[in-house]
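Novice: Sharing upload-v4.pdb (PDB, C-alpha atoms and all ligand atoms) below.
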```
MODEL        1
ATOM      1  CA  MET A 267     106.209 112.377  71.855
ATOM      2  CA  ILE A 268     107.039 109.152  73.616
ATOM      3  CA  LEU A 269     104.767 107.930  76.400
ATOM      4  CA  LEU A 270     106.759 106.698  79.410
ATOM      5  CA  ASP A 271     104.857 103.497  80.021
ATOM      6  CA  GLY A 272     105.097 102.800  83.754
ATOM      7  CA  LYS A 273     102.824  99.812  83.534
ATOM      8  CA  LYS A 274     105.027  98.051  80.976
ATOM      9  CA  THR A 275     108.273  99.060  82.669
ATOM     10  CA  SER A 276     107.000  97.916  86.075
ATOM     11  CA  LEU A 277     106.249  94.508  84.552
ATOM     12  CA  LEU A 278     109.814  94.280  83.224
ATOM     13  CA  VAL A 279     111.185  95.028  86.693
ATOM     14  CA  GLN A 280     108.833  92.501  88.261
ATOM     15  CA  GLU A 281     109.781  89.807  85.746
ATOM     16  CA  THR A 282     113.427  90.211  86.683
ATOM     17  CA  ILE A 283     112.535  89.942  90.387
ATOM     18  CA  ALA A 284     110.347  86.889  89.757
ATOM     19  CA  LYS A 285     113.281  85.153  88.034
ATOM     20  CA  GLU A 286     115.495  85.848  91.019
ATOM     21  CA  VAL A 287     112.861  84.491  93.395
ATOM     22  CA  ASN A 288     112.648  81.304  91.333
ATOM     23  CA  ILE A 289     116.404  80.833  91.597
ATOM     24  CA  LEU A 290     116.224  81.347  95.365
ATOM     25  CA  LYS A 291     113.472  78.743  95.583
ATOM     26  CA  LYS A 292     115.485  76.245  93.542
ATOM     27  CA  LYS A 293     118.355  76.728  95.949
ATOM     28  CA  GLY A 294     116.027  75.821  98.807
ATOM     29  CA  TYR A 295     115.651  79.297 100.298
ATOM     30  CA  ARG A 296     112.272  80.550 101.529
ATOM     31  CA  VAL A 297     110.759  83.422  99.505
ATOM     32  CA  PRO A 298     110.920  87.095 100.609
ATOM     33  CA  HIS A 299     108.058  88.381 102.780
ATOM     34  CA  LEU A 300     106.702  91.960 102.673
ATOM     35  CA  ALA A 301     104.234  93.130 105.318
ATOM     36  CA  ALA A 302     102.122  96.300 105.222
ATOM     37  CA  ILE A 303     100.332  98.100 108.019
ATOM     38  CA  LEU A 304      97.157  99.771 106.785
ATOM     39  CA  VAL A 305      95.419 102.114 109.235
ATOM     40  CA  GLY A 306      91.784 103.084 108.631
ATOM     41  CA  ASP A 307      89.702 102.867 105.462
ATOM     42  CA  ASN A 308      91.107 105.520 103.109
ATOM     43  CA  GLY A 309      90.016 104.304  99.651
ATOM     44  CA  ALA A 310      93.206 105.327  97.856
ATOM     45  CA  SER A 311      95.422 103.732 100.521
ATOM     46  CA  MET A 312      93.410 100.510 100.295
ATOM     47  CA  THR A 313      93.874 100.456  96.512
ATOM     48  CA  TYR A 314      97.628 101.081  96.757
ATOM     49  CA  VAL A 315      98.118  98.382  99.390
ATOM     50  CA  ASN A 316      96.031  95.985  97.293
ATOM     51  CA  ASN A 317      98.268  96.737  94.317
ATOM     52  CA  LYS A 318     101.281  95.956  96.507
ATOM     53  CA  VAL A 319      99.791  92.604  97.538
ATOM     54  CA  THR A 320      99.052  91.748  93.889
ATOM     55  CA  ALA A 321     102.639  92.613  92.933
ATOM     56  CA  CYS A 322     103.941  90.351  95.722
ATOM     57  CA  GLN A 323     101.903  87.494  94.247
ATOM     58  CA  LYS A 324     103.245  88.280  90.786
ATOM     59  CA  VAL A 325     106.907  88.177  91.819
ATOM     60  CA  GLY A 326     106.459  85.209  94.153
ATOM     61  CA  PHE A 327     106.776  86.933  97.530
ATOM     62  CA  THR A 328     104.765  86.200 100.637
ATOM     63  CA  SER A 329     102.757  89.225 101.758
ATOM     64  CA  SER A 330     100.659  90.126 104.744
ATOM     65  CA  VAL A 331      98.500  93.138 105.507
ATOM     66  CA  LEU A 332      97.817  94.207 109.081
ATOM     67  CA  GLU A 333      94.582  96.172 108.962
ATOM     68  CA  MET A 334      94.184  98.521 111.924
ATOM     69  CA  PRO A 335      91.161 100.634 112.898
ATOM     70  CA  LYS A 336      91.436 104.379 112.244
ATOM     71  CA  ASN A 337      91.124 105.138 115.977
ATOM     72  CA  ILE A 338      94.163 102.964 116.846
ATOM     73  CA  SER A 339      96.362 104.549 119.542
ATOM     74  CA  GLN A 340      99.947 105.626 118.975
ATOM     75  CA  GLU A 341     101.029 103.038 121.542
ATOM     76  CA  GLU A 342      99.190 100.159 119.886
ATOM     77  CA  LEU A 343     100.547 101.082 116.457
ATOM     78  CA  LEU A 344     104.074 101.187 117.888
ATOM     79  CA  LYS A 345     103.469  97.761 119.394
ATOM     80  CA  GLN A 346     102.554  96.363 115.944
ATOM     81  CA  ILE A 347     105.746  97.841 114.489
ATOM     82  CA  HIS A 348     107.862  96.291 117.208
ATOM     83  CA  ARG A 349     106.191  92.969 116.495
ATOM     84  CA  LEU A 350     107.146  93.186 112.796
ATOM     85  CA  ASN A 351     110.660  94.321 113.729
ATOM     86  CA  GLU A 352     111.094  91.153 115.747
ATOM     87  CA  ASP A 353     109.293  88.734 113.406
ATOM     88  CA  ASP A 354     112.092  86.843 111.649
ATOM     89  CA  SER A 355     109.754  85.698 108.864
ATOM     90  CA  VAL A 356     109.200  89.332 107.774
ATOM     91  CA  ASP A 357     112.009  90.732 105.598
ATOM     92  CA  GLY A 358     110.575  94.167 104.963
ATOM     93  CA  PHE A 359     107.492  96.147 105.901
ATOM     94  CA  ILE A 360     105.813  99.478 105.301
ATOM     95  CA  VAL A 361     103.317 101.644 107.138
ATOM     96  CA  GLN A 362     101.030 103.012 104.446
ATOM     97  CA  LEU A 363     100.717 106.807 104.608
ATOM     98  CA  PRO A 364      98.917 109.064 105.324
ATOM     99  CA  LEU A 365      98.144 108.151 108.935
ATOM    100  CA  PRO A 366      95.214 109.589 110.914
ATOM    101  CA  LYS A 367      95.851 113.063 112.374
ATOM    102  CA  HIS A 368      96.166 111.902 115.997
ATOM    103  CA  ILE A 369      99.117 109.652 115.082
ATOM    104  CA  HIS A 370     102.630 111.042 115.338
ATOM    105  CA  GLU A 371     104.007 110.010 111.950
ATOM    106  CA  GLN A 372     107.673 110.797 112.620
ATOM    107  CA  GLU A 373     107.695 108.673 115.768
ATOM    108  CA  ILE A 374     106.097 105.785 113.874
ATOM    109  CA  LEU A 375     108.655 105.886 111.060
ATOM    110  CA  LEU A 376     111.480 106.148 113.586
ATOM    111  CA  ALA A 377     110.303 102.903 115.243
ATOM    112  CA  ILE A 378     110.799 100.842 112.060
ATOM    113  CA  ASN A 379     113.970  98.737 112.031
ATOM    114  CA  PRO A 380     116.056 100.431 109.292
ATOM    115  CA  ASP A 381     117.046  96.984 107.944
ATOM    116  CA  LYS A 382     113.358  96.229 107.271
ATOM    117  CA  ASP A 383     112.450  99.727 106.080
ATOM    118  CA  ALA A 384     111.359  98.810 102.534
ATOM    119  CA  ASP A 385     110.098 102.390 102.000
ATOM    120  CA  GLY A 386     113.409 103.970 102.971
ATOM    121  CA  PHE A 387     111.567 106.532 105.133
ATOM    122  CA  HIS A 388     113.589 105.977 108.345
ATOM    123  CA  PRO A 389     116.023 108.857 109.061
ATOM    124  CA  THR A 390     118.914 106.374 108.987
ATOM    125  CA  ASN A 391     118.068 105.324 105.441
ATOM    126  CA  PHE A 392     117.241 108.856 104.326
ATOM    127  CA  GLY A 393     120.553 110.061 105.750
ATOM    128  CA  ARG A 394     122.470 107.227 104.129
ATOM    129  CA  MET A 395     120.788 107.983 100.810
ATOM    130  CA  ALA A 396     121.679 111.679 101.113
ATOM    131  CA  LEU A 397     125.322 110.736 101.701
ATOM    132  CA  GLY A 398     125.361 108.354  98.740
ATOM    133  CA  LEU A 399     125.771 105.283 100.960
ATOM    134  CA  LYS A 400     123.969 101.964 100.437
ATOM    135  CA  SER A 401     120.359 102.363 101.581
ATOM    136  CA  PHE A 402     116.748 101.737 100.696
ATOM    137  CA  ILE A 403     115.679 104.372  98.192
ATOM    138  CA  PRO A 404     112.055 105.505  98.610
ATOM    139  CA  ALA A 405     109.970 103.620  96.039
ATOM    140  CA  THR A 406     108.560 106.568  94.084
ATOM    141  CA  PRO A 407     111.917 108.336  93.512
ATOM    142  CA  TYR A 408     113.456 104.939  92.742
ATOM    143  CA  GLY A 409     110.668 104.328  90.208
ATOM    144  CA  ILE A 410     111.289 107.673  88.527
ATOM    145  CA  LEU A 411     115.018 106.877  88.208
ATOM    146  CA  GLU A 412     114.217 103.468  86.740
ATOM    147  CA  LEU A 413     111.804 104.983  84.209
ATOM    148  CA  LEU A 414     114.400 107.566  83.098
ATOM    149  CA  ASN A 415     116.941 104.760  82.832
ATOM    150  CA  GLN A 416     114.736 102.383  80.837
ATOM    151  CA  TYR A 417     113.907 105.103  78.298
ATOM    152  CA  HIS A 418     117.546 106.292  78.130
ATOM    153  CA  ILE A 419     116.617 109.852  79.074
ATOM    154  CA  PRO A 420     119.898 111.620  79.827
ATOM    155  CA  THR A 421     120.242 113.474  83.144
ATOM    156  CA  ASP A 422     123.968 114.260  83.123
ATOM    157  CA  GLY A 423     124.395 118.030  83.130
ATOM    158  CA  LYS A 424     120.677 118.529  82.430
ATOM    159  CA  ASP A 425     118.440 121.057  84.152
ATOM    160  CA  VAL A 426     115.841 119.322  86.290
ATOM    161  CA  VAL A 427     113.044 121.250  87.988
ATOM    162  CA  ILE A 428     111.112 119.473  90.707
ATOM    163  CA  ILE A 429     107.813 120.929  91.880
ATOM    164  CA  GLY A 430     107.013 119.941  95.472
ATOM    165  CA  ARG A 431     109.354 119.292  98.424
ATOM    166  CA  SER A 432     107.670 116.322 100.146
ATOM    167  CA  ASP A 433     109.696 113.899 102.261
ATOM    168  CA  ILE A 434     108.495 111.005 100.079
ATOM    169  CA  VAL A 435     109.084 112.360  96.563
ATOM    170  CA  GLY A 436     110.348 115.897  95.913
ATOM    171  CA  ARG A 437     113.111 116.093  98.506
ATOM    172  CA  PRO A 438     114.617 112.616  97.951
ATOM    173  CA  ILE A 439     114.484 112.754  94.124
ATOM    174  CA  SER A 440     116.174 116.187  94.252
ATOM    175  CA  ILE A 441     119.025 114.716  96.295
ATOM    176  CA  LEU A 442     119.385 111.603  94.127
ATOM    177  CA  LEU A 443     119.392 113.367  90.747
ATOM    178  CA  SER A 444     122.052 115.808  91.958
ATOM    179  CA  GLN A 445     124.348 112.899  92.863
ATOM    180  CA  LYS A 446     126.503 110.628  90.731
ATOM    181  CA  PRO A 447     125.766 108.909  88.379
ATOM    182  CA  TRP A 448     122.812 111.181  87.487
ATOM    183  CA  ASN A 449     124.747 114.447  87.707
ATOM    184  CA  ALA A 450     121.777 116.744  87.047
ATOM    185  CA  THR A 451     121.529 120.411  87.967
ATOM    186  CA  VAL A 452     118.516 120.319  90.241
ATOM    187  CA  THR A 453     116.114 123.064  91.260
ATOM    188  CA  LEU A 454     113.704 122.085  94.028
ATOM    189  CA  THR A 455     110.688 124.387  93.911
ATOM    190  CA  HIS A 456     107.727 124.683  96.287
ATOM    191  CA  SER A 457     104.765 126.853  97.296
ATOM    192  CA  HIS A 458     107.000 129.844  98.120
ATOM    193  CA  THR A 459     108.961 129.731  94.843
ATOM    194  CA  GLN A 460     108.754 132.935  92.823
ATOM    195  CA  ASN A 461     108.517 132.982  89.033
ATOM    196  CA  LEU A 462     108.085 129.207  88.827
ATOM    197  CA  SER A 463     107.267 129.356  85.094
ATOM    198  CA  GLU A 464     110.610 131.029  84.377
ATOM    199  CA  LEU A 465     112.322 128.029  85.941
ATOM    200  CA  THR A 466     110.157 125.301  84.409
ATOM    201  CA  LYS A 467     110.434 126.854  80.947
ATOM    202  CA  LYS A 468     114.198 126.271  81.032
ATOM    203  CA  ALA A 469     114.016 122.708  82.367
ATOM    204  CA  ASP A 470     115.037 119.645  80.368
ATOM    205  CA  ILE A 471     113.162 117.448  82.854
ATOM    206  CA  ILE A 472     110.225 118.501  85.046
ATOM    207  CA  ILE A 473     109.018 116.343  87.925
ATOM    208  CA  ALA A 474     105.579 117.466  89.127
ATOM    209  CA  ALA A 475     104.911 116.195  92.647
ATOM    210  CA  LEU A 476     102.773 118.781  94.384
ATOM    211  CA  GLY A 477      99.327 117.175  94.355
ATOM    212  CA  ILE A 478      97.377 119.858  92.480
ATOM    213  CA  PRO A 479      95.500 118.429  89.473
ATOM    214  CA  LYS A 480      96.605 119.790  86.061
ATOM    215  CA  PHE A 481      98.906 122.355  87.712
ATOM    216  CA  LEU A 482     101.641 122.199  85.036
ATOM    217  CA  LYS A 483     100.317 123.890  81.892
ATOM    218  CA  ALA A 484     101.687 123.752  78.338
ATOM    219  CA  ASP A 485     102.951 127.359  78.491
ATOM    220  CA  MET A 486     105.171 126.405  81.476
ATOM    221  CA  VAL A 487     107.230 123.793  79.602
ATOM    222  CA  LYS A 488     110.016 123.903  77.065
ATOM    223  CA  GLU A 489     109.542 122.278  73.673
ATOM    224  CA  GLY A 490     111.084 118.781  73.787
ATOM    225  CA  ALA A 491     111.279 118.479  77.593
ATOM    226  CA  ALA A 492     110.665 115.241  79.547
ATOM    227  CA  ILE A 493     107.753 115.360  81.986
ATOM    228  CA  ILE A 494     107.309 113.100  85.001
ATOM    229  CA  ASP A 495     103.872 113.368  86.609
ATOM    230  CA  VAL A 496     103.726 112.067  90.178
ATOM    231  CA  GLY A 497     100.235 113.437  90.962
ATOM    232  CA  ILE A 498      97.369 111.015  91.570
ATOM    233  CA  THR A 499      94.383 113.029  92.790
ATOM    234  CA  ARG A 500      90.978 111.359  92.791
ATOM    235  CA  ILE A 501      88.263 113.563  91.303
ATOM    236  CA  ALA A 502      84.587 112.658  91.721
ATOM    237  CA  ASP A 503      83.144 111.558  88.381
ATOM    238  CA  THR A 504      79.714 109.953  88.257
ATOM    239  CA  THR A 505      80.220 108.843  84.648
ATOM    240  CA  THR A 506      82.829 106.268  85.717
ATOM    241  CA  LYS A 507      82.192 102.883  87.309
ATOM    242  CA  LYS A 508      84.232 103.694  90.409
ATOM    243  CA  GLY A 509      82.678 107.141  90.839
ATOM    244  CA  PHE A 510      85.994 108.953  90.390
ATOM    245  CA  ARG A 511      88.827 109.429  87.970
ATOM    246  CA  ILE A 512      92.524 109.916  88.663
ATOM    247  CA  VAL A 513      94.091 113.183  87.564
ATOM    248  CA  GLY A 514      97.802 114.000  87.559
ATOM    249  CA  ASP A 515      99.604 117.270  88.322
ATOM    250  CA  VAL A 516     100.188 117.835  84.593
ATOM    251  CA  ASP A 517      97.669 119.234  82.103
ATOM    252  CA  PHE A 518      98.387 116.157  80.000
ATOM    253  CA  GLU A 519      96.249 116.792  76.892
ATOM    254  CA  TYR A 520      98.003 120.090  76.122
ATOM    255  CA  VAL A 521     101.468 119.424  77.558
ATOM    256  CA  LYS A 522     101.871 116.178  75.591
ATOM    257  CA  GLU A 523     101.771 118.093  72.291
ATOM    258  CA  LYS A 524     104.902 120.011  73.207
ATOM    259  CA  VAL A 525     107.248 117.543  74.888
ATOM    260  CA  SER A 526     109.496 114.589  73.968
ATOM    261  CA  TYR A 527     108.556 112.315  76.862
ATOM    262  CA  ILE A 528     105.655 112.261  79.308
ATOM    263  CA  THR A 529     104.248 109.832  81.883
ATOM    264  CA  PRO A 530     100.528 109.082  81.761
ATOM    265  CA  VAL A 531      98.357 109.081  84.909
ATOM    266  CA  PRO A 532      97.358 106.415  85.706
ATOM    267  CA  GLY A 533      99.930 103.986  84.291
ATOM    268  CA  GLY A 534     103.041 106.091  84.875
ATOM    269  CA  VAL A 535     104.838 106.602  88.151
ATOM    270  CA  GLY A 536     102.231 104.696  90.252
ATOM    271  CA  PRO A 537     103.041 101.195  88.940
ATOM    272  CA  MET A 538     106.771 102.009  89.132
ATOM    273  CA  THR A 539     106.374 102.791  92.855
ATOM    274  CA  ILE A 540     104.926  99.329  93.363
ATOM    275  CA  ALA A 541     107.663  97.598  91.352
ATOM    276  CA  MET A 542     110.494  99.341  93.203
ATOM    277  CA  LEU A 543     108.952  98.430  96.562
ATOM    278  CA  MET A 544     109.322  94.809  95.419
ATOM    279  CA  LYS A 545     112.946  95.505  94.562
ATOM    280  CA  ASN A 546     113.578  97.024  98.009
ATOM    281  CA  THR A 547     111.976  94.004  99.655
ATOM    282  CA  LEU A 548     114.194  91.632  97.685
ATOM    283  CA  ASN A 549     117.218  93.727  98.651
ATOM    284  CA  ALA A 550     116.236  93.631 102.341
ATOM    285  CA  TYR A 551     115.978  89.854 102.078
ATOM    286  CA  LYS A 552     119.296  89.482 100.272
ATOM    287  CA  ARG A 553     121.058  91.693 102.789
ATOM    288  CA  LYS A 554     119.606  89.689 105.672
ATOM    289  CA  TYR A 555     120.821  86.378 104.245
ATOM    290  CA  LYS A 556     124.008  87.900 102.807
ATOM    291  CA  ILE A 557     123.143  86.780  99.275
ATOM    292  CA  GLN A 558     125.368  88.422  96.584
TER     293      GLN A 558
HETATM  294  N1  LIG B 601     104.333 104.159 103.310
HETATM  295  N2  LIG B 601     102.892 105.295 101.937
HETATM  296  C1  LIG B 601     103.998 104.549 102.077
HETATM  297  N3  LIG B 601     104.775 104.184 101.038
HETATM  298  C2  LIG B 601     104.457 104.567  99.769
HETATM  299  O1  LIG B 601     105.251 104.265  98.746
HETATM  300  C3  LIG B 601     103.290 105.313  99.582
HETATM  301  N4  LIG B 601     102.838 105.676  98.332
HETATM  302  C4  LIG B 601     102.159 106.962  98.174
HETATM  303  C5  LIG B 601     101.066 107.054  99.243
HETATM  304  N5  LIG B 601     101.459 106.507 100.518
HETATM  305  C6  LIG B 601     102.530 105.693 100.693
HETATM  306  C7  LIG B 601     102.326 104.788  97.438
HETATM  307  O2  LIG B 601     102.479 103.582  97.533
HETATM  308  C8  LIG B 601     101.583 106.857  96.796
HETATM  309  N6  LIG B 601     101.672 105.440  96.462
HETATM  310  C9  LIG B 601     101.082 104.853  95.321
HETATM  311  C10 LIG B 601     101.168 103.492  95.053
HETATM  312  C11 LIG B 601     100.573 102.942  93.943
HETATM  313  C12 LIG B 601      99.881 103.722  93.073
HETATM  314  C13 LIG B 601      99.784 105.080  93.307
HETATM  315  C14 LIG B 601     100.394 105.622  94.419
HETATM  316  C15 LIG B 601      99.216 103.089  91.907
HETATM  317  O3  LIG B 601      99.128 101.885  91.820
HETATM  318  N7  LIG B 601      98.673 103.886  90.979
HETATM  319  C16 LIG B 601      97.993 103.407  89.808
HETATM  320  C17 LIG B 601      96.492 103.657  89.902
HETATM  321  C18 LIG B 601      95.888 103.256  91.174
HETATM  322  C19 LIG B 601      94.412 103.590  91.260
HETATM  323  O4  LIG B 601      93.646 102.944  90.539
HETATM  324  O5  LIG B 601      94.046 104.480  92.051
HETATM  325  C20 LIG B 601      98.534 104.151  88.611
HETATM  326  O6  LIG B 601      98.436 103.632  87.506
HETATM  327  O7  LIG B 601      99.029 105.269  88.797
ENDMDL
END
```
Represent the structure of the file as structure tokens.
Ligand code: L34
Specialist:
Amino acid sequence: MILLDGKKTSLLVQETIAKEVNILKKKGYRVPHLAAILVGDNGASMTYVNNKVTACQKVGFTSSVLEMPKNISQEELLKQIHRLNEDDSVDGFIVQLPLPKHIHEQEILLAINPDKDADGFHPTNFGRMALGLKSFIPATPYGILELLNQYHIPTDGKDVVIIGRSDIVGRPISILLSQKPWNATVTLTHSHTQNLSELTKKADIIIAALGIPKFLKADMVKEGAAIIDVGITRIADTTTKKGFRIVGDVDFEYVKEKVSYITPVPGGVGPMTIAMLMKNTLNAYKRKYKIQ
């Protein structure tokens, strides 16, 4: 079994970006700038945004975080987005999800200038991606593709089963893997899927992105399969310093004995998400200044 090391791979991606930033600097360009809007005080969201800021420092980007109270109005949040849309010093920005219940998420994402949409969540970018046109690819699916690529895991003609149809992970990765150059045969499963095990047991690659800890058991996977675990649920654990531990959607201890490749949680898809957000930000910058 080979562990798909997202931490190590994310560092490789970030090193490449850092080199490019250095070249830009030498040429007298300013460095790329990523902004993030963080609403409320969700612990996980705060950690993820912090990790994004740290990555910006690592690759040499400018970053800024706009922290908003959890009772912010729809109107005020839209105003902040318009401000970032118009701020020429900001190349890309994200609105960290989830948002509080009273906020209309679709309207918020629709307000982001597609050229600055480093998450690729705007319908224009999602539509472009689905048509195979140039677009920002959502960071988590992009990270999964990069991990498969770095470890030379073939997808061409392979059976891929995805568990979970979210707008951020399941749906976009299903579209991407079915396209060229990946050429996989994709099955997108969800809570209404019948006989899920029958499908997963035939899969060469399984992507678990449903958000239920340890959902994918050893008896659901084929010997030698590749397993991508996107789950990152926090479970209370008083024996740890932080008071919780992070558990993936895969029953790792048992599944790992049976498969060829598997991502750990943490240290798998999470760090790749961060690295590919950096890549999207650099791409937004390069497109803006027509570099390459
Ligand atoms: N707008 N909202 C927007 N864009 C995104 O791309 C995200 N996502 C998801 C949640 N909301 C979002 C993220 O950034 C999930 N996500 C994310 C980012 C980073 C990590 C996990 C999820 C990450 O760094 N994970 C570490 C452990 C972090 C910890 O200690 O909790 C890991 O090793 O998996």
Novice: What does the list of residues within 8 Å of ligand LIG 601 (chain B) look like if you count all atoms listed in the file, written as a ChimeraX atom specification?
Specialist: /A:272-273,310-311,313-315,317-318,360-364,385,387,404-406,434,498,500,512,531-540,543
Novice: Expressed in Å to a single decimal, how great is the separation between CA of Lys468 (chain A) and CA of Val516 (chain A)?
Specialist: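 That distance, rounded to one decimal, is 16.7 Å.
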Novice: Enumerate, as a list in words, the protein, DNA and RNA residues whose atoms approach (113.7, 86.9, 108.7) to within 9 Å, taking into account all atoms listed in the file and the coordinate frame of the file.
Specialist: Pro298, His299, Glu352, Asp353, Asp354, Ser355, Val356, Asp357, Gly358, Tyr551, Lys554 and Tyr555 of chain A
Novice: Using the chain letters and numbers from the file, which residues does the PyMOL selection byres (((chain A and resi 305) around 8) and not hetatm) grab, as a ChimeraX atom specification?
Specialist: /A:303-304,306-307,333-336,338,362,365-366
Novice: Any idea what's packed within 10 Å of Thr390 (chain A), counting only C-alpha atoms, ignoring anything in its chain fewer than 5 positions away? Could you give it as a PDB file with C-alpha atoms, in the frame of the given file?
Specialist:
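As a result, out_35.pdb now contains:
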```
ATOM      1  CA  LEU A 376     111.480 106.148 113.586  1.00  0.00           C
ATOM      2  CA  ASN A 379     113.970  98.737 112.031  1.00  0.00           C
ATOM      3  CA  PRO A 380     116.056 100.431 109.292  1.00  0.00           C
ATOM      4  CA  ASP A 381     117.046  96.984 107.944  1.00  0.00           C
ATOM      5  CA  ASP A 383     112.450  99.727 106.080  1.00  0.00           C
ATOM      6  CA  MET A 395     120.788 107.983 100.810  1.00  0.00           C
ATOM      7  CA  ALA A 396     121.679 111.679 101.113  1.00  0.00           C
ATOM      8  CA  SER A 401     120.359 102.363 101.581  1.00  0.00           C
ATOM      9  CA  PHE A 402     116.748 101.737 100.696  1.00  0.00           C
TER      10      PHE A 402
END
```
Novice: Could you jot down the CA of Leu454 (chain A) to CA of Phe518 (chain A) separation for me, Å, one decimal place?
Specialist: 21.6 Å
Novice: Could you tell me how far CA of Leu476 (chain A) sits from CA of Val496 (chain A), in Å to one decimal place?
Specialist: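 For CA of Val496 (chain A) relative to CA of Leu476 (chain A), the distance reads 8.0 Å.
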Novice: Spell out the residues picked by the PyMOL selection byres (((chain A and resi 429) around 6) and not hetatm) here, as a PyMOL selection string.
Specialist: chain A and resi 428+430+455-456+474-475
Novice: Using all atoms listed in the file, determine which residues lie at most 10 Å from Lys285 (chain A), disregarding the query and same-chain residues fewer than 6 positions distant; provide the list as a list in words.
Specialist: Lys291, Val325 and Gly326 of chain A
Novice: Determine, using only C-alpha atoms, which residues of region 357-453 of chain A have any atom at most 12 Å from an atom of region 279-284 of chain A, and tabulate each with its shortest atom pair and distance in Å to one decimal place, rows ordered by chain and then rising number, as a tab-separated table.
Specialist:
```
residue	atom	partner	partner_atom	distance
A:Tyr408	CA	A:Val279	CA	11.8
A:Gly409	CA	A:Val279	CA	10.0
A:Glu412	CA	A:Val279	CA	9.0
A:Leu413	CA	A:Val279	CA	10.3
A:Asn415	CA	A:Val279	CA	11.9
A:Gln416	CA	A:Val279	CA	10.0
```
Novice: Export C-alpha atoms of the chosen residues as a tab-separated table (two decimals), in the frame of the given file?
Specialist:
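Saved as selection07.tsv:
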```
chain	number	residue	atom	x	y	z
A	408	TYR	CA	113.46	104.94	92.74
A	409	GLY	CA	110.67	104.33	90.21
A	412	GLU	CA	114.22	103.47	86.74
A	413	LEU	CA	111.80	104.98	84.21
A	415	ASN	CA	116.94	104.76	82.83
A	416	GLN	CA	114.74	102.38	80.84
```
Novice: Determine the residue set returned by the PyMOL selection byres (((chain A and resi 417) around 10) and not hetatm) for the present structure, and present it as a short mmCIF file (atom, residue, chain, number, x, y, z; two decimals) with C-alpha atoms, keeping the file's coordinate frame.
Specialist:
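The resulting file, expr-v3.cif, is reproduced below:
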```
data_model
loop_
_atom_site.label_atom_id
_atom_site.label_comp_id
_atom_site.auth_asym_id
_atom_site.auth_seq_id
_atom_site.Cartn_x
_atom_site.Cartn_y
_atom_site.Cartn_z
CA ILE A 268 107.04 109.15 73.62
CA LEU A 269 104.77 107.93 76.40
CA LEU A 270 106.76 106.70 79.41
CA ASP A 271 104.86 103.50 80.02
CA THR A 275 108.27 99.06 82.67
CA GLU A 412 114.22 103.47 86.74
CA LEU A 413 111.80 104.98 84.21
CA LEU A 414 114.40 107.57 83.10
CA ASN A 415 116.94 104.76 82.83
CA GLN A 416 114.74 102.38 80.84
CA HIS A 418 117.55 106.29 78.13
CA ILE A 419 116.62 109.85 79.07
CA PRO A 420 119.90 111.62 79.83
CA TYR A 527 108.56 112.32 76.86
#
```
Novice: Using all atoms listed in the file, pick whichever of A:Val297, A:Met542, A:Ile439, A:Ile493 has the shortest atom-to-atom distance to Leu277 (chain A).
Specialist: A:Met542
Novice: Could you complete region 275-286 of chain A so that it carries N, CA and C atoms, and give it back as a short mmCIF file (atom, residue, chain, number, x, y, z; two decimals), in the coordinates of the input?
Specialist:
```cif
data_model
loop_
_atom_site.label_atom_id
_atom_site.label_comp_id
_atom_site.auth_asym_id
_atom_site.auth_seq_id
_atom_site.Cartn_x
_atom_site.Cartn_y
_atom_site.Cartn_z
N THR A 275 106.95 99.07 82.04
CA THR A 275 108.27 99.06 82.67
C THR A 275 108.21 98.36 84.03
N SER A 276 107.13 98.56 84.76
CA SER A 276 107.00 97.92 86.08
C SER A 276 106.93 96.40 85.91
N LEU A 277 106.32 95.96 84.81
CA LEU A 277 106.25 94.51 84.55
C LEU A 277 107.63 93.94 84.25
N LEU A 278 108.43 94.71 83.51
CA LEU A 278 109.81 94.28 83.22
C LEU A 278 110.59 94.09 84.53
N VAL A 279 110.48 95.09 85.40
CA VAL A 279 111.18 95.03 86.69
C VAL A 279 110.70 93.81 87.49
N GLN A 280 109.40 93.61 87.48
CA GLN A 280 108.83 92.50 88.26
C GLN A 280 109.22 91.14 87.68
N GLU A 281 109.35 91.08 86.36
CA GLU A 281 109.78 89.81 85.75
C GLU A 281 111.19 89.45 86.20
N THR A 282 112.05 90.45 86.24
CA THR A 282 113.43 90.21 86.68
C THR A 282 113.43 89.72 88.13
N ILE A 283 112.61 90.34 88.97
CA ILE A 283 112.54 89.94 90.39
C ILE A 283 112.00 88.51 90.50
N ALA A 284 110.95 88.23 89.71
CA ALA A 284 110.35 86.89 89.76
C ALA A 284 111.38 85.81 89.42
N LYS A 285 112.24 86.12 88.42
CA LYS A 285 113.28 85.15 88.03
C LYS A 285 114.23 84.91 89.19
N GLU A 286 114.58 85.98 89.88
CA GLU A 286 115.50 85.85 91.02
C GLU A 286 114.86 85.03 92.14
#
```
